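K.L.:
If it helps, the file is called data_4.cif and holds mmCIF, C-alpha atoms and all ligand atoms:
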data_structure
#
loop_
_atom_site.label_atom_id
_atom_site.label_comp_id
_atom_site.auth_asym_id
_atom_site.auth_seq_id
_atom_site.Cartn_x
_atom_site.Cartn_y
_atom_site.Cartn_z
CA MET A 1 -0.44 -15.57 -41.76
CA THR A 2 3.35 -15.21 -41.52
CA GLU A 3 5.02 -15.62 -38.14
CA THR A 4 6.38 -12.45 -36.65
CA PRO A 5 9.97 -12.84 -35.38
CA ASP A 6 9.27 -10.32 -32.62
CA SER A 7 7.88 -12.38 -29.76
CA ALA A 8 7.11 -9.23 -27.77
CA SER A 9 4.44 -8.35 -30.29
CA ALA A 10 3.42 -11.89 -31.18
CA GLY A 11 0.77 -12.23 -28.47
CA PRO A 12 -0.68 -15.51 -27.30
CA GLY A 13 -0.70 -18.46 -29.63
CA ALA A 14 -3.49 -20.84 -30.60
CA GLY A 15 -6.43 -20.73 -28.20
CA GLY A 16 -5.12 -17.54 -26.63
CA VAL A 17 -2.49 -19.45 -24.66
CA PHE A 18 1.06 -18.26 -24.06
CA ASP A 19 3.78 -20.84 -24.65
CA ALA A 20 5.39 -22.96 -21.94
CA ALA A 21 8.64 -20.99 -21.96
CA PHE A 22 6.74 -17.76 -21.34
CA LEU A 23 4.68 -19.35 -18.58
CA ALA A 24 7.83 -20.58 -16.83
CA ARG A 25 9.38 -17.11 -17.07
CA PHE A 26 6.15 -15.56 -15.81
CA GLU A 27 6.32 -17.77 -12.72
CA ASP A 28 9.91 -16.65 -12.23
CA LEU A 29 8.73 -13.06 -12.45
CA LEU A 30 6.12 -13.65 -9.74
CA ALA A 31 8.66 -15.42 -7.55
CA TRP A 32 11.30 -12.69 -7.96
CA ARG A 33 8.99 -9.72 -7.41
CA ARG A 34 10.13 -8.17 -4.17
CA ASP A 35 9.27 -5.17 -2.10
CA VAL A 36 12.53 -3.24 -2.48
CA ARG A 37 13.79 -0.75 0.11
CA ARG A 38 17.49 -0.66 -0.79
CA PHE A 39 18.07 1.25 -3.99
CA ARG A 40 20.94 2.36 -6.15
CA THR A 41 20.72 6.10 -6.71
CA ASP A 42 21.37 6.09 -10.47
CA PRO A 43 18.37 7.28 -12.45
CA LEU A 44 16.17 5.10 -14.60
CA PRO A 45 16.61 5.45 -18.37
CA ASP A 46 14.60 8.32 -19.86
CA ASP A 47 11.67 6.37 -21.22
CA MET A 48 11.47 3.74 -18.48
CA LEU A 49 8.94 5.44 -16.23
CA GLN A 50 6.70 6.23 -19.19
CA ARG A 51 6.88 2.60 -20.27
CA LEU A 52 6.06 1.33 -16.77
CA LEU A 53 3.17 3.74 -16.30
CA LYS A 54 1.77 2.64 -19.66
CA ALA A 55 1.82 -0.92 -18.32
CA ALA A 56 0.11 0.13 -15.08
CA HIS A 57 -2.50 1.96 -17.13
CA MET A 58 -3.44 -1.38 -18.74
CA ALA A 59 -4.68 -2.70 -15.39
CA PRO A 60 -8.29 -3.76 -14.94
CA SER A 61 -10.63 -1.25 -13.32
CA VAL A 62 -14.24 -1.37 -12.21
CA GLY A 63 -16.48 -0.23 -15.08
CA ASN A 64 -13.29 0.69 -17.00
CA SER A 65 -13.12 3.73 -14.74
CA GLN A 66 -9.29 3.93 -14.67
CA PRO A 67 -9.45 5.93 -11.42
CA TRP A 68 -5.69 5.89 -10.76
CA ARG A 69 -3.85 9.20 -10.80
CA PHE A 70 -0.05 9.03 -10.89
CA VAL A 71 1.98 11.82 -9.32
CA THR A 72 5.75 11.77 -9.78
CA VAL A 73 7.45 13.53 -6.89
CA ASP A 74 10.73 15.23 -7.78
CA GLU A 75 10.81 18.45 -5.78
CA ALA A 76 13.10 18.25 -2.75
CA ALA A 77 10.71 20.04 -0.38
CA ARG A 78 7.83 17.73 -1.25
CA ARG A 79 10.03 14.66 -0.84
CA GLU A 80 11.18 15.96 2.53
CA ALA A 81 7.56 16.46 3.63
CA VAL A 82 6.89 12.81 2.78
CA ARG A 83 10.02 11.67 4.63
CA ALA A 84 8.97 13.71 7.68
CA SER A 85 5.55 12.07 7.53
CA PHE A 86 7.21 8.66 7.44
CA ARG A 87 9.37 9.54 10.45
CA ARG A 88 6.32 10.58 12.49
CA ALA A 89 4.20 7.61 11.45
CA ASN A 90 7.05 5.21 12.04
CA ARG A 91 7.74 6.64 15.51
CA GLU A 92 4.10 6.06 16.38
CA ALA A 93 4.19 2.56 14.92
CA LEU A 94 7.26 1.72 17.00
CA ALA A 95 5.54 3.04 20.12
CA SER A 96 2.63 0.65 19.50
CA TYR A 97 4.91 -2.38 20.03
CA SER A 98 6.69 -3.44 23.17
CA GLY A 99 9.46 -5.73 24.32
CA GLU A 100 11.32 -7.83 21.79
CA THR A 101 8.84 -6.99 19.03
CA ALA A 102 9.59 -3.29 19.48
CA SER A 103 13.34 -3.95 19.43
CA LEU A 104 13.01 -5.95 16.22
CA TYR A 105 10.68 -3.39 14.61
CA ALA A 106 13.26 -0.68 15.30
CA THR A 107 15.82 -2.57 13.21
CA LEU A 108 13.59 -3.00 10.14
CA LYS A 109 14.25 -1.14 6.92
CA LEU A 110 10.76 -0.04 5.90
CA GLU A 111 11.32 2.48 3.10
CA GLY A 112 13.78 3.67 0.50
CA LEU A 113 12.76 7.31 0.58
CA SER A 114 16.24 8.79 0.76
CA ARG A 115 17.82 6.88 -2.13
CA ALA A 116 15.15 5.83 -4.62
CA PRO A 117 15.57 7.97 -7.76
CA VAL A 118 11.86 7.79 -8.57
CA GLN A 119 9.04 8.47 -6.13
CA LEU A 120 5.52 7.96 -7.33
CA ALA A 121 2.30 8.58 -5.46
CA VAL A 122 -0.80 6.77 -6.68
CA PHE A 123 -4.12 8.38 -5.86
CA CYS A 124 -7.67 7.27 -6.47
CA ASP A 125 -10.00 9.89 -7.92
CA GLY A 126 -13.18 9.26 -5.96
CA GLU A 127 -15.14 11.65 -8.14
CA THR A 128 -14.30 10.30 -11.55
CA GLY A 129 -17.30 10.11 -13.84
CA GLN A 130 -15.59 7.50 -16.00
CA GLY A 131 -17.39 4.17 -15.82
CA ALA A 132 -20.69 5.81 -14.83
CA GLY A 133 -20.68 4.00 -11.49
CA LEU A 134 -20.79 0.50 -12.99
CA GLY A 135 -19.87 -2.12 -10.37
CA ARG A 136 -19.62 0.33 -7.49
CA ARG A 137 -23.17 0.77 -6.23
CA THR A 138 -23.02 -1.86 -3.50
CA MET A 139 -19.22 -1.95 -3.25
CA PRO A 140 -17.89 1.59 -3.60
CA GLU A 141 -14.44 0.46 -2.50
CA MET A 142 -13.97 -1.09 -5.95
CA LEU A 143 -12.58 2.22 -7.21
CA ALA A 144 -9.70 1.98 -4.72
CA TYR A 145 -9.22 -1.70 -5.47
CA SER A 146 -8.84 -0.83 -9.14
CA CYS A 147 -5.97 1.48 -8.23
CA VAL A 148 -4.32 -1.35 -6.32
CA CYS A 149 -4.58 -3.46 -9.50
CA ALA A 150 -2.62 -0.72 -11.28
CA VAL A 151 0.03 -0.75 -8.56
CA ASN A 152 0.47 -4.49 -8.81
CA THR A 153 0.69 -4.34 -12.59
CA LEU A 154 3.34 -1.64 -12.22
CA TRP A 155 5.20 -3.78 -9.66
CA LEU A 156 5.43 -6.74 -12.05
CA ALA A 157 6.23 -4.63 -15.10
CA ALA A 158 9.02 -2.93 -13.15
CA ARG A 159 10.49 -6.22 -11.96
CA ALA A 160 10.44 -7.52 -15.53
CA GLN A 161 12.66 -4.56 -16.49
CA GLY A 162 14.97 -5.08 -13.50
CA VAL A 163 13.48 -2.09 -11.69
CA GLY A 164 12.67 -2.45 -8.00
CA LEU A 165 9.56 -1.04 -6.36
CA GLY A 166 8.86 -0.51 -2.67
CA TRP A 167 5.46 0.38 -1.28
CA VAL A 168 5.54 2.78 1.67
CA SER A 169 2.35 2.90 3.70
CA ILE A 170 3.79 4.14 6.99
CA LEU A 171 2.63 7.63 6.12
CA GLU A 172 -0.07 10.12 7.03
CA PRO A 173 -2.20 10.05 3.87
CA GLU A 174 -3.63 13.54 4.29
CA THR A 175 -0.21 15.05 4.93
CA VAL A 176 1.07 13.43 1.74
CA ALA A 177 -1.94 14.64 -0.26
CA ASP A 178 -1.35 18.18 1.08
CA ALA A 179 2.37 18.03 0.34
CA LEU A 180 1.63 17.04 -3.26
CA ASP A 181 -1.11 19.61 -3.68
CA VAL A 182 -3.62 17.28 -5.33
CA PRO A 183 -7.39 17.76 -5.72
CA ALA A 184 -9.50 17.09 -2.62
CA SER A 185 -11.24 14.16 -4.30
CA TRP A 186 -7.96 12.25 -4.67
CA ARG A 187 -7.25 9.72 -1.92
CA LEU A 188 -3.78 8.29 -1.41
CA ILE A 189 -3.53 4.63 -2.37
CA ALA A 190 0.21 4.09 -2.52
CA TYR A 191 3.48 5.93 -2.20
CA LEU A 192 6.09 4.05 -4.21
CA CYS A 193 9.86 4.18 -4.30
CA MET A 194 11.37 2.98 -7.56
CA GLY A 195 14.86 2.44 -8.91
CA TYR A 196 17.41 -0.27 -9.49
CA PRO A 197 17.73 -2.57 -6.46
CA ALA A 198 21.02 -2.46 -4.57
CA GLU A 199 20.67 -6.20 -3.92
CA GLU A 200 18.56 -9.03 -5.32
CA HIS A 201 16.74 -11.54 -3.15
CA LEU A 202 14.34 -14.38 -3.73
CA ASP A 203 12.96 -14.14 -0.19
CA PRO A 204 11.03 -11.16 1.28
CA GLU A 205 13.08 -8.75 3.37
CA LEU A 206 10.69 -9.06 6.33
CA GLU A 207 11.16 -12.82 6.26
CA ARG A 208 14.95 -12.44 6.26
CA ALA A 209 14.74 -9.95 9.11
CA GLY A 210 12.76 -12.43 11.23
CA TRP A 211 9.59 -10.30 11.31
CA GLN A 212 7.15 -12.36 9.28
CA ALA A 213 7.61 -15.35 7.02
CA GLY A 214 5.10 -16.17 4.34
CA THR A 215 2.68 -19.02 5.01
CA GLY A 216 1.37 -21.68 2.68
CA LEU A 217 -1.54 -21.43 0.28
CA ASP A 218 -3.42 -24.27 1.97
CA ALA A 219 -4.13 -22.14 5.03
CA ARG A 220 -5.55 -19.46 2.73
CA TRP A 221 -7.80 -21.66 0.60
CA VAL A 222 -11.25 -22.54 1.86
CA ARG A 223 -13.41 -24.93 -0.13
CA ARG A 224 -17.17 -24.74 0.31
C1 LIG A 301 -0.43 -2.42 0.59
C2 LIG A 301 1.01 -2.63 0.95
C3 LIG A 301 1.65 -1.72 1.79
C4 LIG A 301 2.98 -1.93 2.16
N1 LIG A 301 3.62 -1.02 2.97
C5 LIG A 301 4.91 -1.24 3.33
C6 LIG A 301 5.63 -0.31 4.13
O1 LIG A 301 5.15 0.74 4.53
N2 LIG A 301 6.91 -0.59 4.45
C7 LIG A 301 7.50 -1.75 4.05
O2 LIG A 301 8.68 -1.96 4.38
N3 LIG A 301 6.85 -2.64 3.27
C8 LIG A 301 5.59 -2.39 2.89
N4 LIG A 301 4.95 -3.27 2.07
C9 LIG A 301 5.71 -4.43 1.56
C10 LIG A 301 5.40 -5.68 2.33
O3 LIG A 301 5.98 -5.63 3.60
C11 LIG A 301 5.94 -6.84 1.51
O4 LIG A 301 5.19 -6.93 0.34
C12 LIG A 301 5.86 -8.15 2.26
O5 LIG A 301 6.70 -8.13 3.37
C13 LIG A 301 6.23 -9.34 1.38
O6 LIG A 301 7.47 -9.11 0.78
P1 LIG A 301 7.64 -9.16 -0.80
O7 LIG A 301 6.79 -8.05 -1.37
O8 LIG A 301 9.10 -8.95 -1.05
O9 LIG A 301 7.12 -10.49 -1.26
C14 LIG A 301 3.65 -3.08 1.69
C15 LIG A 301 3.00 -3.97 0.84
C16 LIG A 301 1.70 -3.76 0.47
C17 LIG A 301 1.03 -4.73 -0.47
#
For the file at hand, write its structure as structure tokens.
P.N.:
Amino acid sequence: MTETPDSASAGPGAGGVFDAAFLARFEDLLAWRRDVRRFRTDPLPDDMLQRLLKAAHMAPSVGNSQPWRFVTVDEAARREAVRASFRRANREALASYSGETASLYATLKLEGLSRAPVQLAVFCDGETGQGAGLGRRTMPEMLAYSCVCAVNTLWLAARAQGVGLGWVSILEPETVADALDVPASWRLIAYLCMGYPAEEHLDPELERAGWQAGTGLDARWVRR
């Protein structure tokens, strides 16, 4: 078989293994993926969102159920309803802390809702028939977990294209579902801000802000 010069379509090599250069770049991608809250306002190129959603749609899902439902939010009134929900939820979150922790929390930048050119809500369709229930009988939450897989795939695909993504969970999920007028069986999984980052960092914003640093793998790995 002749070699294709287009590495993007070449796929893995012998034994289904990607080459060392790709693996090194893949590690870079994982290391550089950040939760982005500071966006430039310029729009993404026309086909970018389509391309990124196609990547997200390649995520694994329980029973191949593909339960994710993507809702792009462009209308000003709907965006404002989401921002208002964030303001309420964030006020309540702030009130749950006290002392120095509250003072620090108040300084954190926790969303990019006013600048991100793209806003995308990801819902899980709890009533999808796709997959015929495979893998969900004893663990029904697998449907939602599948949607999270799609979000993470989107996150990495976006970063690979230089697009930042920020996950906003300081929201009232039912208010957001109402504001977006989605079917009752859809549950909010993620509200995502997307666009080009205004700054690039190798360390998480919450670490830089002194809120929470990451901790090592050893403390997370139990051997039995
Ligand atoms: C499920 C989920 C929900 C999150 N919700 C928020 C949020 O509401 N606001 C925020 O600033 N960051 C949010 N984040 C981002 C995390 O704070 C961030 O991933 C973490 O601090 C590590 O930073 P990094 O993603 O840059 O590595 C969320 C992340 C996840 C996975």
K.L.:
Determine, counting all atoms listed in the file, every residue of protein, DNA or RNA that lies within 8 Å of (7.1, 4.0, 2.4) in the file coordinates, then give the result as a list in words.
P.N.:
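Residues close enough to count: Phe86, Leu110, Glu111, Gly112, Leu113, Gly166, Trp167, Val168, Ser169, Ile170, Leu171, Tyr191, Leu192 and Cys193 of chain A.
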K.L.:
Could you tell me, counting all atoms listed in the file, which protein and nucleic acid residues lie no more than 10 Å from ligand LIG 301 (chain A), written as a count of residues only?
P.N.:
43
K.L.:
Could you list, as an MDAnalysis selection string, every residue within 10 Å of A:His57, counting all atoms listed in the file and ignoring same-chain residues fewer than 2 positions away?
P.N.:
chainID A and resid 51:55 59:61 66:70 147 149:151 153:154
K.L.:
Let me make sure I understand: among A:Gly164, A:Gly63, A:Pro183, A:Pro45, which one has the smallest atom-to-atom distance to A:Glu127 if we use only C-alpha atoms?
P.N.:
A:Pro183
K.L.:
In Å, how far is it from atom CA of A:Arg115 to atom CA of A:Arg88?
P.N.:
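These two atoms are separated by 19.0 Å.
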K.L.:
With distances taken over all atoms listed in the file, which of A:Val122, A:Ala219, A:Val163, A:Val82 is nearest to A:Glu199?
P.N.:
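For A:Glu199, the nearest of the candidates is A:Val163.
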K.L.:
Figure out the distance between atom CA of A:Pro173 and atom CA of A:Gln50, please, to one decimal in Å.
P.N.:
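These atoms are spaced 25.0 Å apart.
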K.L.:
When you draw a straight line from atom CA of A:Arg79 to atom CA of A:Ala93, how long is it in Å?
P.N.:
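Atom CA of A:Ala93 lies at a distance of 20.7 Å from atom CA of A:Arg79.
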K.L.:
For a quick check of understanding, using only C-alpha atoms, which of A:Ser146, A:Asp181, A:Ala160, A:Glu80 has the smallest distance to A:Arg25?
P.N.:
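Closest to A:Arg25 of all the choices is A:Ala160.
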K.L.:
Point out the residue among A:Trp186, A:Leu94, A:Arg159, A:Glu174 with the least atom-to-atom distance to A:Val71, counting only C-alpha atoms.
P.N.:
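Closest candidate: A:Trp186.
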K.L.:
Please determine, counting all atoms listed in the file, which residue among A:Arg220, A:Ala209, A:Ala116, A:Gly126 has the shortest atom-to-atom distance to A:Arg40.
P.N.:
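Smallest distance to A:Arg40 is found for A:Ala116.
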K.L.:
Using only C-alpha atoms, which residue out of A:Gly11, A:Leu104, A:Phe18, A:Gly195 lies closest to A:Leu44?
P.N.:
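Distance minimum relative to A:Leu44 lands on A:Gly195.
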K.L.:
Taking all atoms of stretch 103-106 of chain A that appear in the file, build a box with edges along x, y and z, extend it by 5 Å on every side, and state its centre and edge lengths in Å to one decimal, as lines of an AutoDock Vina configuration file.
P.N.:
center_x = 12.0
center_y = -3.3
center_z = 17.0
size_x = 12.7
size_y = 15.3
size_z = 14.8
